[in-house]
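Working notes, structure below.
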Amino acid sequence: MSIRESSLEVRGCLRALAEFYRRGTTRPLTEEEQRVLDPMIRVDQSGEVGAYYIYMGQIAVLGRDKKLRPILQEMWDQEKHHLESFDRLVGEMRVRPSLLRPLWNIAGFAVGAGTALMGKEAAMACTEAVETVIGNHYEDQLRTIVKMAEANPDLKELGKTIAKFRDDELEHHDIAIEHDARRAPFHSVLKAVIMQGCKSAIWVAERV
């Protein structure tokens, strides 16, 4: 799917969500639903901030590579759409954003640029690791939302958005594999360290 098609699909979901929150739900969210959704949206916004700056850092270092630049640019453009979407959802759902957003900006850029300085294979290994964690995280969230939507069908549109973003992240993972992520020096160690960092960031962002 092209960036344009992806953007149109996401915007359609977001318009439906925006209309949903303007007119009000069929019933108000329960205290338990709000308790689950608040940290979910907050951590997703934080994750997309990190991903946005990771690709920015990679392009800052590898942007002159004529073969690699279009690939990185396409993934970065998708992350821009994801971030814009969650920025809107945070406002529409009245979710408190993470207080550590400046840290996610810096950390994302540092990880992206740092791995890119190690070579394009390491940059792709970074993408493989990050998108593995994010894709699995979205999948876990989707299971929760699908279950919640049985009691509150109004949440189905949110589920569609999460499913779309999960698919985008898994596509990025596959692109990284296709472009020699596993040929990076110390691949298994690098991947494990980045994945653990992502999991720790998720834990923190849900709470702070």
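As shown in the structure tokens, the chain order sets the letters A, B, ...; within each chain, residues go from 1, and ligands are also counted from 1 in the order they appear.
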Give me, as a short mmCIF file (atom, residue, chain, number, x, y, z; two decimals) with N, CA, C and O atoms, in the first residue's frame, all polymer residues having an atom no more than 9 Å from Phe109 in chain A, counting only C-alpha atoms and skipping those fewer than 6 positions away in the same chain.
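Contents of result-v4.cif, as written:
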data_model
loop_
_atom_site.label_atom_id
_atom_site.label_comp_id
_atom_site.auth_asym_id
_atom_site.auth_seq_id
_atom_site.Cartn_x
_atom_site.Cartn_y
_atom_site.Cartn_z
N GLY A 50 8.96 8.53 19.46
CA GLY A 50 10.26 7.89 19.37
C GLY A 50 10.57 7.39 17.98
O GLY A 50 11.68 7.60 17.46
N ALA A 51 9.58 6.75 17.33
CA ALA A 51 9.80 6.22 15.98
C ALA A 51 10.06 7.34 14.99
O ALA A 51 10.93 7.22 14.11
N TYR A 52 9.33 8.43 15.12
CA TYR A 52 9.51 9.59 14.23
C TYR A 52 10.95 10.09 14.30
O TYR A 52 11.60 10.31 13.27
N TYR A 53 11.47 10.22 15.52
CA TYR A 53 12.83 10.74 15.67
C TYR A 53 13.90 9.70 15.35
O TYR A 53 15.02 10.07 14.97
N ILE A 54 13.60 8.42 15.49
CA ILE A 54 14.55 7.40 15.06
C ILE A 54 14.81 7.52 13.57
O ILE A 54 15.97 7.54 13.11
N TYR A 55 13.73 7.63 12.79
CA TYR A 55 13.91 7.74 11.34
C TYR A 55 14.54 9.08 10.96
O TYR A 55 15.32 9.15 10.01
N MET A 56 14.24 10.12 11.70
CA MET A 56 14.89 11.40 11.46
C MET A 56 16.40 11.26 11.65
O MET A 56 17.20 11.76 10.85
N GLY A 57 16.80 10.58 12.73
CA GLY A 57 18.22 10.37 13.00
C GLY A 57 18.89 9.52 11.94
O GLY A 57 20.02 9.81 11.52
N GLN A 58 18.20 8.49 11.47
CA GLN A 58 18.76 7.64 10.42
C GLN A 58 18.97 8.42 9.12
O GLN A 58 19.99 8.28 8.46
#
Checklist entry - Between A:Glu33, A:Glu206, A:Glu178, A:Asp140, which has the minimum distance to Ile162 in chain A (counting only C-alpha atoms)? => result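 Result for the nearest residue to Ile162 in chain A: A:Asp140.
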Checklist entry - Any idea what's packed within 12 Å of Glu171 in chain A, counting only C-alpha atoms, ignoring anything in its chain fewer than 6 positions away? Could you give it as a VMD selection string? => result chain A and resid 1 to 2 71 74 to 75 78 127 to 128 131 to 132 134 to 135 164 to 165 177 to 178
Can you pull out the residues contacting Gly197 in chain A? Cut-off 12 Å, using only C-alpha atoms, and skip same-chain residues under 3 positions away; I want them as an mmCIF file with C-alpha atoms, in the first residue's frame.
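Ended up saving to out-v8.cif:
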data_model
loop_
_atom_site.group_PDB
_atom_site.id
_atom_site.type_symbol
_atom_site.label_atom_id
_atom_site.label_comp_id
_atom_site.auth_asym_id
_atom_site.auth_seq_id
_atom_site.Cartn_x
_atom_site.Cartn_y
_atom_site.Cartn_z
ATOM 1 C CA GLY A 47 6.048 5.402 20.853
ATOM 2 C CA GLY A 50 10.263 7.885 19.373
ATOM 3 C CA TRP A 104 11.523 10.520 23.738
ATOM 4 C CA ALA A 107 16.368 9.253 22.772
ATOM 5 C CA GLY A 108 14.742 8.448 19.433
ATOM 6 C CA VAL A 111 19.195 5.684 18.715
ATOM 7 C CA CYS A 126 17.425 -0.995 14.798
ATOM 8 C CA ALA A 129 14.083 -4.437 16.751
ATOM 9 C CA VAL A 130 11.865 -1.384 17.252
ATOM 10 C CA VAL A 133 8.276 -4.515 19.815
ATOM 11 C CA ILE A 134 5.814 -1.937 18.492
ATOM 12 C CA LEU A 190 22.143 -5.010 19.197
ATOM 13 C CA LYS A 191 18.601 -6.213 18.599
ATOM 14 C CA ALA A 192 18.191 -7.456 22.171
ATOM 15 C CA VAL A 193 19.449 -4.194 23.687
ATOM 16 C CA ILE A 194 17.158 -2.038 21.523
ATOM 17 C CA SER A 200 11.315 -0.174 29.217
ATOM 18 C CA ALA A 201 10.180 3.010 27.447
ATOM 19 C CA ILE A 202 6.688 1.555 27.044
ATOM 20 C CA TRP A 203 6.519 0.775 30.752
ATOM 21 C CA VAL A 204 7.593 4.309 31.681
#
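As for CA of Glu32 in chain A and CA of Asp87 in chain A, they are spaced 22.8 Å apart.
Relative to CA of Tyr138 in chain A, CA of Ala151 in chain A is found at 20.4 Å.
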Item to check | Two-atom distance - CA of Gln141 in chain A, CA of Asp154 in chain A (Å) | outcome: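 The value is 16.0 Å.
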Item to check | Contacts of Val90 in chain A within 9 Å, only C-alpha atoms, excl. fewer than 5 positions in-chain, as JSON, numbers by chain | outcome: {"A": [38, 41, 42, 45, 85, 95, 96, 97]}
Checklist entry - Which is closest to Met195 in chain A among A:Lys66, A:Arg207, A:Arg166, A:His137, if we use only C-alpha atoms? => result A:His137
Item to check | Which of range 24-188 of chain A fall in helix (DSSP H, G or I), as a PyMOL selection string | outcome: chain A and resi 31-62+69-92+101-117+120-151+153-178+181-183+187-188
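For the choices A:Ile145, A:Leu29, A:Val61, A:Met40, the atom-to-atom distance to Ser98 in chain A is smallest for A:Met40 when using only C-alpha atoms.
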